[in-house]
>>> print(open('final29.txt').read())   # compact mmCIF, C-alpha atoms
# COMPACT_ATOMS: atom_id res chain seq x y z
CA MET A 1 70.27 -58.46 59.41
CA SER A 2 69.22 -55.08 60.80
CA GLU A 3 65.63 -53.90 61.19
CA LEU A 4 66.21 -51.29 58.48
CA THR A 5 67.56 -53.90 56.06
CA VAL A 6 64.44 -56.02 56.60
CA ARG A 7 62.19 -52.99 56.08
CA ALA A 8 64.00 -52.12 52.87
CA GLU A 9 63.38 -55.59 51.49
CA LYS A 10 59.69 -55.40 52.39
CA LEU A 11 59.35 -51.97 50.78
CA ASP A 12 61.01 -53.20 47.59
CA ALA A 13 58.64 -56.17 47.51
CA VAL A 14 55.57 -53.93 47.30
CA ASP A 15 57.09 -51.20 45.10
CA GLU A 16 54.85 -50.75 42.03
CA LEU A 17 57.75 -49.24 40.05
CA ALA A 18 60.27 -51.96 40.89
CA ALA A 19 59.78 -53.75 37.56
CA LEU A 20 61.14 -50.72 35.73
CA ARG A 21 64.66 -51.52 36.95
CA ALA A 22 64.81 -54.20 34.25
CA GLN A 23 64.61 -51.48 31.62
CA PHE A 24 67.99 -50.03 32.67
CA VAL A 25 71.58 -51.20 32.43
CA LEU A 26 72.52 -51.52 36.09
CA ASP A 27 75.22 -53.24 38.15
CA GLU A 28 76.01 -53.78 41.84
CA VAL A 29 76.80 -50.11 42.40
CA VAL A 30 74.27 -48.04 44.32
CA TYR A 31 73.82 -45.20 41.84
CA LEU A 32 72.53 -42.03 43.52
CA ASP A 33 73.77 -39.54 40.95
CA GLY A 34 70.88 -39.65 38.48
CA ASN A 35 70.33 -35.97 39.22
CA SER A 36 73.60 -35.38 37.33
CA LEU A 37 73.50 -38.17 34.74
CA GLY A 38 70.73 -40.74 34.50
CA ALA A 39 71.43 -44.44 34.04
CA LEU A 40 71.41 -46.02 30.59
CA PRO A 41 68.00 -47.36 29.46
CA ALA A 42 68.48 -50.83 28.00
CA ALA A 43 66.69 -49.98 24.75
CA VAL A 44 69.06 -47.18 23.80
CA PRO A 45 72.12 -49.04 22.43
CA GLY A 46 70.11 -51.03 19.90
CA ARG A 47 68.16 -48.00 18.78
CA VAL A 48 71.30 -45.93 18.36
CA GLU A 49 72.91 -48.73 16.35
CA ASP A 50 69.91 -48.67 14.00
CA VAL A 51 70.17 -44.90 13.65
CA VAL A 52 73.86 -45.15 12.81
CA ARG A 53 73.92 -48.25 10.61
CA ARG A 54 70.57 -48.15 8.82
CA GLN A 55 69.21 -44.61 8.99
CA TRP A 56 72.56 -42.87 8.47
CA GLY A 57 74.61 -45.68 6.93
CA ALA A 58 72.08 -46.98 4.40
CA LEU A 59 69.35 -44.36 3.95
CA ARG A 60 71.66 -41.38 4.43
CA ILE A 61 69.97 -38.10 3.39
CA ARG A 62 66.65 -39.89 2.86
CA SER A 63 66.34 -40.29 6.63
CA TRP A 64 65.40 -36.64 7.08
CA ASP A 65 62.04 -37.65 5.66
CA GLU A 66 61.83 -41.43 5.78
CA SER A 67 63.19 -41.81 9.32
CA GLY A 68 61.49 -38.72 10.72
CA TRP A 69 64.65 -36.78 11.47
CA TRP A 70 63.18 -33.46 10.45
CA THR A 71 60.23 -33.63 12.85
CA ALA A 72 62.20 -35.11 15.76
CA PRO A 73 62.44 -31.89 17.83
CA GLU A 74 58.68 -31.45 18.14
CA ARG A 75 57.87 -35.18 18.17
CA ILE A 76 60.19 -35.80 21.11
CA GLY A 77 58.96 -32.60 22.71
CA ASP A 78 55.48 -34.11 22.73
CA LEU A 79 56.88 -37.15 24.59
CA ILE A 80 58.32 -34.89 27.30
CA ALA A 81 55.18 -32.76 27.54
CA PRO A 82 53.11 -35.11 29.78
CA LEU A 83 56.03 -35.39 32.21
CA VAL A 84 55.94 -31.63 32.84
CA GLY A 85 52.17 -31.15 32.62
CA ALA A 86 51.98 -29.66 29.14
CA ALA A 87 49.71 -30.30 26.19
CA ALA A 88 51.24 -31.28 22.87
CA GLY A 89 52.63 -28.63 20.52
CA GLN A 90 54.38 -26.49 23.15
CA ILE A 91 57.82 -28.10 23.52
CA VAL A 92 60.71 -28.39 21.09
CA VAL A 93 63.85 -30.38 21.82
CA GLY A 94 67.27 -29.08 20.81
CA ASP A 95 70.31 -27.07 21.83
CA SER A 96 71.66 -27.02 25.39
CA THR A 97 69.87 -25.81 28.51
CA SER A 98 72.13 -22.76 28.51
CA VAL A 99 71.15 -21.80 24.95
CA ASN A 100 67.48 -22.31 25.74
CA VAL A 101 67.73 -20.17 28.88
CA PHE A 102 69.16 -17.40 26.73
CA LYS A 103 66.44 -17.74 24.10
CA ALA A 104 63.68 -17.81 26.71
CA LEU A 105 64.96 -14.94 28.83
CA VAL A 106 65.57 -12.51 25.97
CA ALA A 107 62.23 -13.43 24.42
CA ALA A 108 60.57 -12.86 27.80
CA VAL A 109 62.00 -9.33 28.02
CA ARG A 110 60.81 -8.61 24.49
CA MET A 111 57.31 -9.85 25.32
CA ALA A 112 57.16 -7.78 28.51
CA GLY A 113 57.16 -4.59 26.48
CA PRO A 114 58.39 -1.00 26.95
CA GLY A 115 58.99 0.48 30.36
CA ARG A 116 60.03 -2.83 31.88
CA ASP A 117 63.80 -2.86 32.23
CA GLU A 118 64.61 -5.21 35.08
CA ILE A 119 65.36 -8.94 35.09
CA VAL A 120 64.96 -10.76 38.39
CA VAL A 121 67.06 -13.90 38.75
CA ASP A 122 67.32 -16.57 41.42
CA ALA A 123 70.46 -15.64 43.38
CA THR A 124 70.96 -19.29 44.37
CA THR A 125 70.72 -20.52 40.79
CA PHE A 126 73.08 -22.87 38.99
CA PRO A 127 75.92 -20.53 37.96
CA THR A 128 75.30 -20.78 34.19
CA ASP A 129 71.76 -19.42 34.57
CA GLY A 130 73.22 -16.43 36.38
CA TYR A 131 75.88 -15.87 33.73
CA ILE A 132 73.29 -15.96 30.97
CA ALA A 133 70.89 -13.71 32.86
CA GLU A 134 73.68 -11.15 33.25
CA SER A 135 74.48 -11.32 29.53
CA ALA A 136 70.80 -11.11 28.58
CA ALA A 137 70.42 -8.04 30.80
CA ARG A 138 73.32 -6.30 29.07
CA MET A 139 71.99 -7.24 25.65
CA THR A 140 68.47 -5.95 26.36
CA GLY A 141 69.48 -2.87 28.36
CA CYS A 142 67.99 -4.25 31.56
CA THR A 143 69.17 -4.13 35.15
CA LEU A 144 69.80 -7.52 36.73
CA ARG A 145 68.39 -8.09 40.21
CA PRO A 146 69.51 -11.30 41.95
CA VAL A 147 67.34 -12.32 44.91
CA THR A 148 66.43 -15.57 46.62
CA PRO A 149 63.17 -17.15 45.45
CA SER A 150 61.46 -16.31 48.75
CA GLU A 151 62.27 -12.63 48.15
CA VAL A 152 60.86 -12.54 44.62
CA PRO A 153 57.29 -11.39 45.45
CA GLY A 154 58.65 -8.44 47.41
CA VAL A 155 60.81 -7.05 44.59
CA LEU A 156 58.34 -7.32 41.70
CA GLY A 157 57.00 -4.11 40.26
CA GLU A 158 56.19 -2.07 37.17
CA ARG A 159 59.79 -2.26 35.97
CA THR A 160 60.01 -6.05 36.15
CA ALA A 161 60.26 -7.57 32.69
CA ALA A 162 61.21 -11.19 33.34
CA VAL A 163 61.90 -13.53 36.23
CA LEU A 164 64.19 -16.58 35.91
CA LEU A 165 63.74 -19.22 38.61
CA ASN A 166 64.83 -22.78 39.35
CA HIS A 167 62.09 -25.23 40.30
CA VAL A 168 64.50 -27.23 42.48
CA ASP A 169 67.71 -25.85 43.97
CA TYR A 170 70.61 -27.87 42.57
CA ARG A 171 72.63 -27.75 45.82
CA THR A 172 70.06 -28.32 48.55
CA GLY A 173 67.20 -30.03 46.72
CA ARG A 174 64.74 -27.39 47.94
CA LEU A 175 61.55 -27.35 45.85
CA HIS A 176 60.29 -23.85 45.18
CA ASP A 177 56.60 -22.94 44.98
CA LEU A 178 56.04 -22.78 41.23
CA PRO A 179 52.28 -22.02 41.36
CA ALA A 180 52.57 -19.18 43.89
CA LEU A 181 55.67 -17.60 42.34
CA THR A 182 54.21 -17.82 38.84
CA ALA A 183 51.03 -16.10 40.07
CA ALA A 184 53.07 -13.37 41.74
CA VAL A 185 55.06 -12.67 38.58
CA HIS A 186 51.88 -12.51 36.52
CA ALA A 187 50.22 -10.18 39.03
CA ALA A 188 53.12 -7.80 38.46
CA GLY A 189 52.63 -7.99 34.69
CA ALA A 190 55.95 -9.74 34.06
CA VAL A 191 56.96 -12.95 32.26
CA VAL A 192 58.27 -15.99 34.13
CA VAL A 193 60.89 -18.49 32.95
CA TRP A 194 61.33 -21.71 34.92
CA ASP A 195 64.40 -23.97 34.84
CA LEU A 196 63.16 -27.54 35.32
CA CYS A 197 66.50 -29.38 35.18
CA HIS A 198 66.15 -30.87 38.66
CA SER A 199 62.41 -31.52 38.65
CA ALA A 200 61.30 -32.86 35.25
CA GLY A 201 60.95 -36.61 35.51
CA ALA A 202 61.03 -36.60 39.30
CA LEU A 203 57.86 -34.76 40.31
CA PRO A 204 54.74 -33.14 38.83
CA VAL A 205 55.38 -29.69 37.36
CA GLY A 206 52.02 -28.55 35.96
CA LEU A 207 53.19 -26.04 33.35
CA ASP A 208 49.78 -25.65 31.70
CA GLU A 209 47.80 -25.88 34.92
CA HIS A 210 49.73 -23.04 36.53
CA GLY A 211 50.00 -20.83 33.44
CA VAL A 212 53.79 -20.88 33.18
CA ASP A 213 55.00 -18.70 30.31
CA LEU A 214 58.31 -20.26 29.35
CA ALA A 215 60.35 -23.18 30.69
CA VAL A 216 63.59 -24.95 29.88
CA GLY A 217 65.21 -28.14 31.03
CA CYS A 218 67.86 -30.74 30.34
CA THR A 219 67.19 -34.38 29.49
CA TYR A 220 70.26 -36.18 30.83
CA LYS A 221 69.21 -36.24 34.49
CA TYR A 222 65.89 -37.81 35.48
CA LEU A 223 64.93 -38.28 31.81
CA ASN A 224 68.01 -40.47 31.23
CA GLY A 225 68.78 -39.12 27.76
CA GLY A 226 72.55 -39.61 27.99
CA PRO A 227 75.55 -37.31 28.37
CA GLY A 228 75.04 -34.08 26.46
CA SER A 229 71.56 -35.05 25.32
CA PRO A 230 69.62 -32.06 23.95
CA ALA A 231 67.60 -29.81 26.18
CA TYR A 232 64.05 -28.55 25.57
CA LEU A 233 62.13 -25.30 25.46
CA TYR A 234 58.47 -24.86 26.45
CA VAL A 235 56.51 -21.91 25.04
CA ARG A 236 52.94 -21.62 26.29
CA SER A 237 50.51 -21.85 23.39
CA GLY A 238 48.97 -18.43 24.08
CA LEU A 239 52.39 -16.77 23.78
CA GLN A 240 53.75 -18.57 20.74
CA ASP A 241 52.78 -15.90 18.22
CA ARG A 242 54.68 -13.34 20.35
CA PHE A 243 57.76 -15.44 20.99
CA ASP A 244 60.62 -13.48 19.40
CA SER A 245 63.74 -15.60 19.62
CA PRO A 246 67.11 -13.83 19.80
CA LEU A 247 68.53 -16.77 17.81
CA PRO A 248 66.47 -17.06 14.64
CA GLY A 249 67.77 -19.82 12.42
CA TRP A 250 66.79 -21.61 9.26
CA ASN A 251 65.08 -24.35 11.29
CA SER A 252 62.76 -21.80 12.89
CA HIS A 253 61.89 -20.12 9.58
CA ALA A 254 58.36 -20.41 8.21
CA GLU A 255 59.96 -21.66 4.97
CA PRO A 256 63.18 -23.35 6.07
CA PHE A 257 64.06 -24.50 2.57
CA GLY A 258 63.08 -21.22 0.92
CA MET A 259 66.53 -19.84 1.76
CA ARG A 260 65.13 -16.31 1.84
CA PRO A 261 67.35 -13.51 3.16
CA ASP A 262 64.54 -12.11 5.34
CA PHE A 263 63.37 -14.00 8.42
CA GLU A 264 59.76 -15.01 8.97
CA ALA A 265 59.16 -17.03 12.14
CA ALA A 266 57.53 -20.45 11.90
CA PRO A 267 54.20 -20.93 13.64
CA GLY A 268 53.90 -22.32 17.15
CA ALA A 269 56.67 -23.74 19.29
CA LEU A 270 58.80 -24.32 16.19
CA ARG A 271 59.98 -20.75 16.72
CA GLY A 272 62.20 -22.22 19.42
CA ARG A 273 64.27 -24.19 16.91
CA VAL A 274 67.51 -22.71 15.59
CA GLY A 275 69.80 -24.87 13.45
CA THR A 276 70.17 -28.46 12.32
CA PRO A 277 69.06 -30.88 15.08
CA ASP A 278 71.69 -33.08 16.73
CA ILE A 279 70.11 -36.27 15.45
CA LEU A 280 72.24 -38.97 17.09
CA SER A 281 71.77 -37.73 20.65
CA MET A 282 68.19 -36.67 19.96
CA LEU A 283 67.13 -40.12 18.82
CA ALA A 284 68.98 -41.71 21.74
CA LEU A 285 66.81 -39.52 23.95
CA GLU A 286 63.70 -40.63 22.12
CA ALA A 287 64.60 -44.27 22.84
CA ALA A 288 65.30 -43.43 26.48
CA LEU A 289 61.83 -41.92 26.88
CA ASP A 290 60.26 -45.31 26.07
CA VAL A 291 60.65 -46.26 29.74
CA TRP A 292 57.99 -43.68 30.63
CA ASP A 293 55.27 -45.47 28.68
CA GLY A 294 52.42 -46.03 31.13
CA VAL A 295 54.31 -44.54 34.09
CA SER A 296 52.47 -42.02 36.26
CA ILE A 297 54.54 -39.03 37.36
CA GLU A 298 52.42 -38.98 40.52
CA ALA A 299 53.58 -42.53 41.32
CA VAL A 300 57.16 -41.45 40.68
CA ARG A 301 56.74 -38.55 43.10
CA ALA A 302 55.23 -40.77 45.79
CA LYS A 303 58.16 -43.17 45.57
CA SER A 304 60.66 -40.30 45.47
CA LEU A 305 59.36 -38.94 48.75
CA ALA A 306 59.32 -42.42 50.29
CA LEU A 307 62.93 -43.01 49.20
CA THR A 308 64.21 -39.71 50.55
CA ASP A 309 62.28 -40.13 53.80
CA PHE A 310 63.77 -43.60 54.25
CA PHE A 311 67.26 -42.38 53.42
CA LEU A 312 67.06 -39.64 56.05
CA GLU A 313 65.81 -42.20 58.59
CA CYS A 314 68.67 -44.57 57.75
CA VAL A 315 71.23 -41.75 57.95
CA ALA A 316 69.93 -40.85 61.41
CA ALA A 317 70.29 -44.49 62.46
CA TYR A 318 73.70 -45.28 60.93
CA VAL A 319 75.68 -42.03 60.93
CA PRO A 320 77.22 -40.78 64.20
CA VAL A 321 75.36 -37.81 65.64
CA GLY A 322 76.75 -34.46 64.47
CA ARG A 323 78.81 -35.96 61.65
CA VAL A 324 76.47 -34.79 58.87
CA GLU A 325 73.61 -32.32 58.66
CA SER A 326 70.79 -32.37 56.12
CA VAL A 327 70.34 -29.10 54.25
CA THR A 328 67.38 -30.49 52.30
CA PRO A 329 63.98 -29.42 53.64
CA ALA A 330 62.13 -32.05 55.65
CA ALA A 331 58.69 -30.88 54.44
CA HIS A 332 57.52 -32.84 51.40
CA GLU A 333 56.16 -29.75 49.69
CA GLU A 334 59.64 -28.19 49.86
CA ARG A 335 61.70 -31.20 48.78
CA GLY A 336 62.77 -32.27 45.31
CA SER A 337 64.21 -35.75 44.64
CA GLN A 338 67.60 -35.40 46.25
CA VAL A 339 69.12 -35.16 49.70
CA ALA A 340 72.07 -32.89 50.42
CA LEU A 341 74.13 -33.52 53.54
CA ARG A 342 76.61 -31.00 54.88
CA CYS A 343 79.84 -32.70 55.93
CA ASP A 344 83.16 -31.07 56.85
CA ASP A 345 85.29 -33.40 54.72
CA ALA A 346 82.65 -34.00 52.06
CA GLY A 347 85.05 -34.29 49.13
CA ASP A 348 87.09 -37.04 50.75
CA VAL A 349 83.97 -38.80 52.07
CA MET A 350 82.44 -38.97 48.59
CA LYS A 351 85.64 -40.44 47.16
CA ARG A 352 85.56 -43.19 49.78
CA LEU A 353 81.85 -43.83 49.17
CA ILE A 354 82.49 -44.27 45.46
CA GLU A 355 85.36 -46.66 46.20
CA ARG A 356 82.85 -48.75 48.17
CA GLY A 357 80.21 -48.79 45.47
CA VAL A 358 77.96 -45.90 46.49
CA VAL A 359 77.94 -43.14 43.90
CA GLY A 360 76.67 -39.67 44.72
CA ASP A 361 78.46 -36.39 44.13
CA PHE A 362 80.26 -33.60 45.94
CA ARG A 363 79.37 -29.94 45.75
CA SER A 364 81.94 -27.46 47.04
CA PRO A 365 82.69 -26.68 49.73
CA ASP A 366 80.99 -29.20 52.02
CA VAL A 367 77.95 -30.90 50.48
CA LEU A 368 77.35 -34.60 49.79
CA ARG A 369 74.55 -34.78 47.22
CA PHE A 370 72.45 -37.89 46.63
CA GLY A 371 69.85 -38.07 43.86
CA PHE A 372 66.98 -40.54 43.94
CA THR A 373 65.64 -41.68 40.58
CA PRO A 374 62.52 -43.72 41.39
CA LEU A 375 62.56 -45.60 38.08
CA TYR A 376 65.62 -47.62 39.08
CA VAL A 377 66.59 -46.82 42.69
CA GLY A 378 65.18 -49.18 45.32
CA PHE A 379 64.84 -49.09 49.08
CA ALA A 380 67.62 -51.64 49.55
CA ASP A 381 69.90 -49.27 47.61
CA VAL A 382 68.95 -46.48 50.00
CA GLU A 383 69.60 -48.55 53.13
CA ARG A 384 72.96 -49.74 51.82
CA ALA A 385 74.04 -46.20 50.89
CA ALA A 386 73.27 -44.85 54.36
CA ARG A 387 74.93 -47.85 56.05
CA VAL A 388 78.13 -47.40 54.03
CA LEU A 389 78.07 -43.67 54.69
CA GLY A 390 77.90 -44.39 58.42
CA GLU A 391 80.89 -46.72 58.18
CA VAL A 392 82.92 -44.25 56.11
CA VAL A 393 82.44 -41.27 58.42
CA ALA A 394 82.68 -43.18 61.70
>>> encode(input="final29.txt", output="structure tokens")
Amino acid sequence: MSELTVRAEKLDAVDELAALRAQFVLDEVVYLDGNSLGALPAAVPGRVEDVVRRQWGALRIRSWDESGWWTAPERIGDLIAPLVGAAAGQIVVGDSTSVNVFKALVAAVRMAGPGRDEIVVDATTFPTDGYIAESAARMTGCTLRPVTPSEVPGVLGERTAAVLLNHVDYRTGRLHDLPALTAAVHAAGAVVVWDLCHSAGALPVGLDEHGVDLAVGCTYKYLNGGPGSPAYLYVRSGLQDRFDSPLPGWNSHAEPFGMRPDFEAAPGALRGRVGTPDILSMLALEAALDVWDGVSIEAVRAKSLALTDFFLECVAAYVPVGRVESVTPAAHEERGSQVALRCDDAGDVMKRLIERGVVGDFRSPDVLRFGFTPLYVGFADVERAARVLGEVVA
């Protein structure tokens, strides 16, 4: 037994989050792809069966009231709120991340006011965010300005309407400075929109603390909501009366059952709703969020950093020198909850890793990406993954 194997066992023995593994459906596979799709929480299947058989099958239409279907978007939003540092009443759950990015970005331009005709977007963003930013710019008559996050402060000015940024880079795992960038955008008089897909549930975000205007995120990664689970939209309380959604729907109407031809926006974050909620996946998400009861996001962050540190140490020990190169920042303040390794034959290497029970993912053209979900990933998992990687690439 190697020294690193022994250390992994000792670290697992004192891990305060280790008991949470029992709340997930796991097997012998080392699953390091929770930054793409989180593992299944054990409580979800039974809850979904109740939703299907009793709430839908027996109560049917009565469940909109009696089972709380109608209020699910804001109720579940309030469960997510503490995980991203937000007070209740500012998050609604529904639609996809892409749709919420569109709603948030167009609303941000409208709030910025006349004379501001430029949208700044993270040039390294997940492609969909870039596509939507380009469409939103055309729709609002704005110019789109793609720059890297580090360049953002230098391009802000009187024309800047909105800035769309990713908290964590999906390829490299780099964590961007949300407090400083938010302050810079505000100093320029613009509105900031943050994409939290790769940070929510993995590290503290502090939306309220740092005065973030708008934020969006998915729930199927570190929040373990399941494939295609609905996304969420955060609208800071002080901006809610000005939030002018480009997708007004009957669910965001002040009188949704009034069926009036003219639109009057609902109060508060409910303005972020559009149409009928996707109840089955939404209530599966609600069940998945039970695992967070009593869990400190600070403890999750501490374990995340310990896991990624240990993984990098194990990679250095097991993988032949020069075979892979980490493109994830070493500094804790610049690292999310994943490690990306550049490898010439990354696609083939990942296939062989999966065949041997270590699941990460491949990002073209040459990146092996490993996500570390502290709720169910242990140190022995990390050591085994690095050891198998070393054997595969040797």
>>> residues_around(input="final29.txt", residues="region 328-343 of chain A", least_positions_apart="5", cutoff="6 Å", atoms="only C-alpha atoms", output="list in words")
Thr172, Gly173, Arg174, Leu175, Ser304, Asp366, Val367, Leu368, Arg369, Phe370, Gly371 and Phe372 of chain A
>>> closest_residue(input="final29.txt", among="A:Leu164, A:Glu298, A:Pro320, A:Val392", to="Ala346 (chain A)", atoms="all atoms listed in the file")
A:Val392
>>> atom_distance(input="final29.txt", atom1="CA of Ala265 (chain A)", atom2="CA of Pro114 (chain A)")
21.8 Å
>>> closest_residue(input="final29.txt", among="A:Leu353, A:Val109, A:Val216, A:Ala299", to="Val92 (chain A)", atoms="all atoms listed in the file")
A:Val216
>>> closest_residue(input="final29.txt", among="A:Thr160, A:Ser135, A:Ser296, A:Thr124", to="His176 (chain A)", atoms="only C-alpha atoms")
A:Thr124
>>> closest_atom_pairs(input="final29.txt", of="region 264-337 of chain A", to="region 43-60 of chain A", cutoff="10 Å", atoms="only C-alpha atoms", output="CSV")
residue,atom,partner,partner_atom,distance
A:Ile279,CA,A:Val51,CA,8.8
A:Leu280,CA,A:Val48,CA,7.1
A:Ser281,CA,A:Val48,CA,8.5
A:Met282,CA,A:Val48,CA,9.9
A:Leu283,CA,A:Val48,CA,7.2
A:Ala284,CA,A:Val44,CA,5.8
A:Leu285,CA,A:Val44,CA,8.0
A:Glu286,CA,A:Val44,CA,8.6
A:Ala287,CA,A:Val44,CA,5.4
A:Ala288,CA,A:Val44,CA,5.9
A:Leu289,CA,A:Val44,CA,9.5
A:Asp290,CA,A:Ala43,CA,8.1
A:Val291,CA,A:Ala43,CA,8.7
>>> closest_residue(input="final29.txt", among="A:Pro256, A:Gly89, A:Gly378, A:Gly360", to="Val235 (chain A)", atoms="all atoms listed in the file")
A:Gly89
>>> residues_around(input="final29.txt", residues="Ser96 (chain A)", least_positions_apart="5", cutoff="10 Å", atoms="all atoms listed in the file", output="list in words")
Val101, Val216, Gly217, Cys218, Thr219, Gly228, Ser229, Pro230, Ala231, Tyr232 and Leu233 of chain A
>>> atom_distance(input="final29.txt", atom1="CA of Leu305 (chain A)", atom2="CA of Trp292 (chain A)")
18.8 Å
>>> closest_residue(input="final29.txt", among="A:Val382, A:Ala161, A:Leu312, A:Ala317", to="Ala8 (chain A)", atoms="all atoms listed in the file")
A:Val382
>>> closest_residue(input="final29.txt", among="A:Gly68, A:Gly268, A:Gly225, A:Pro261", to="Arg242 (chain A)", atoms="all atoms listed in the file")
A:Gly268
>>> residues_around(input="final29.txt", residues="Val193 (chain A)", least_positions_apart="5", cutoff="7 Å", atoms="all atoms listed in the file", output="ChimeraX atom specification")
/A:104-105,163-165,213-215
>>> atom_distance(input="final29.txt", atom1="CA of Ala123 (chain A)", atom2="CA of His167 (chain A)")
13.1 Å
>>> closest_atom_pairs(input="final29.txt", of="region 40-127 of chain A", to="region 11-21 of chain A", cutoff="12 Å", atoms="all atoms listed in the file", output="JSON lines")
{"residue": "A:Leu40", "atom": "CA", "partner": "A:Arg21", "partner_atom": "CA", "distance": 10.8}
{"residue": "A:Pro41", "atom": "CA", "partner": "A:Arg21", "partner_atom": "CA", "distance": 9.2}
{"residue": "A:Ala42", "atom": "CA", "partner": "A:Arg21", "partner_atom": "CA", "distance": 9.8}
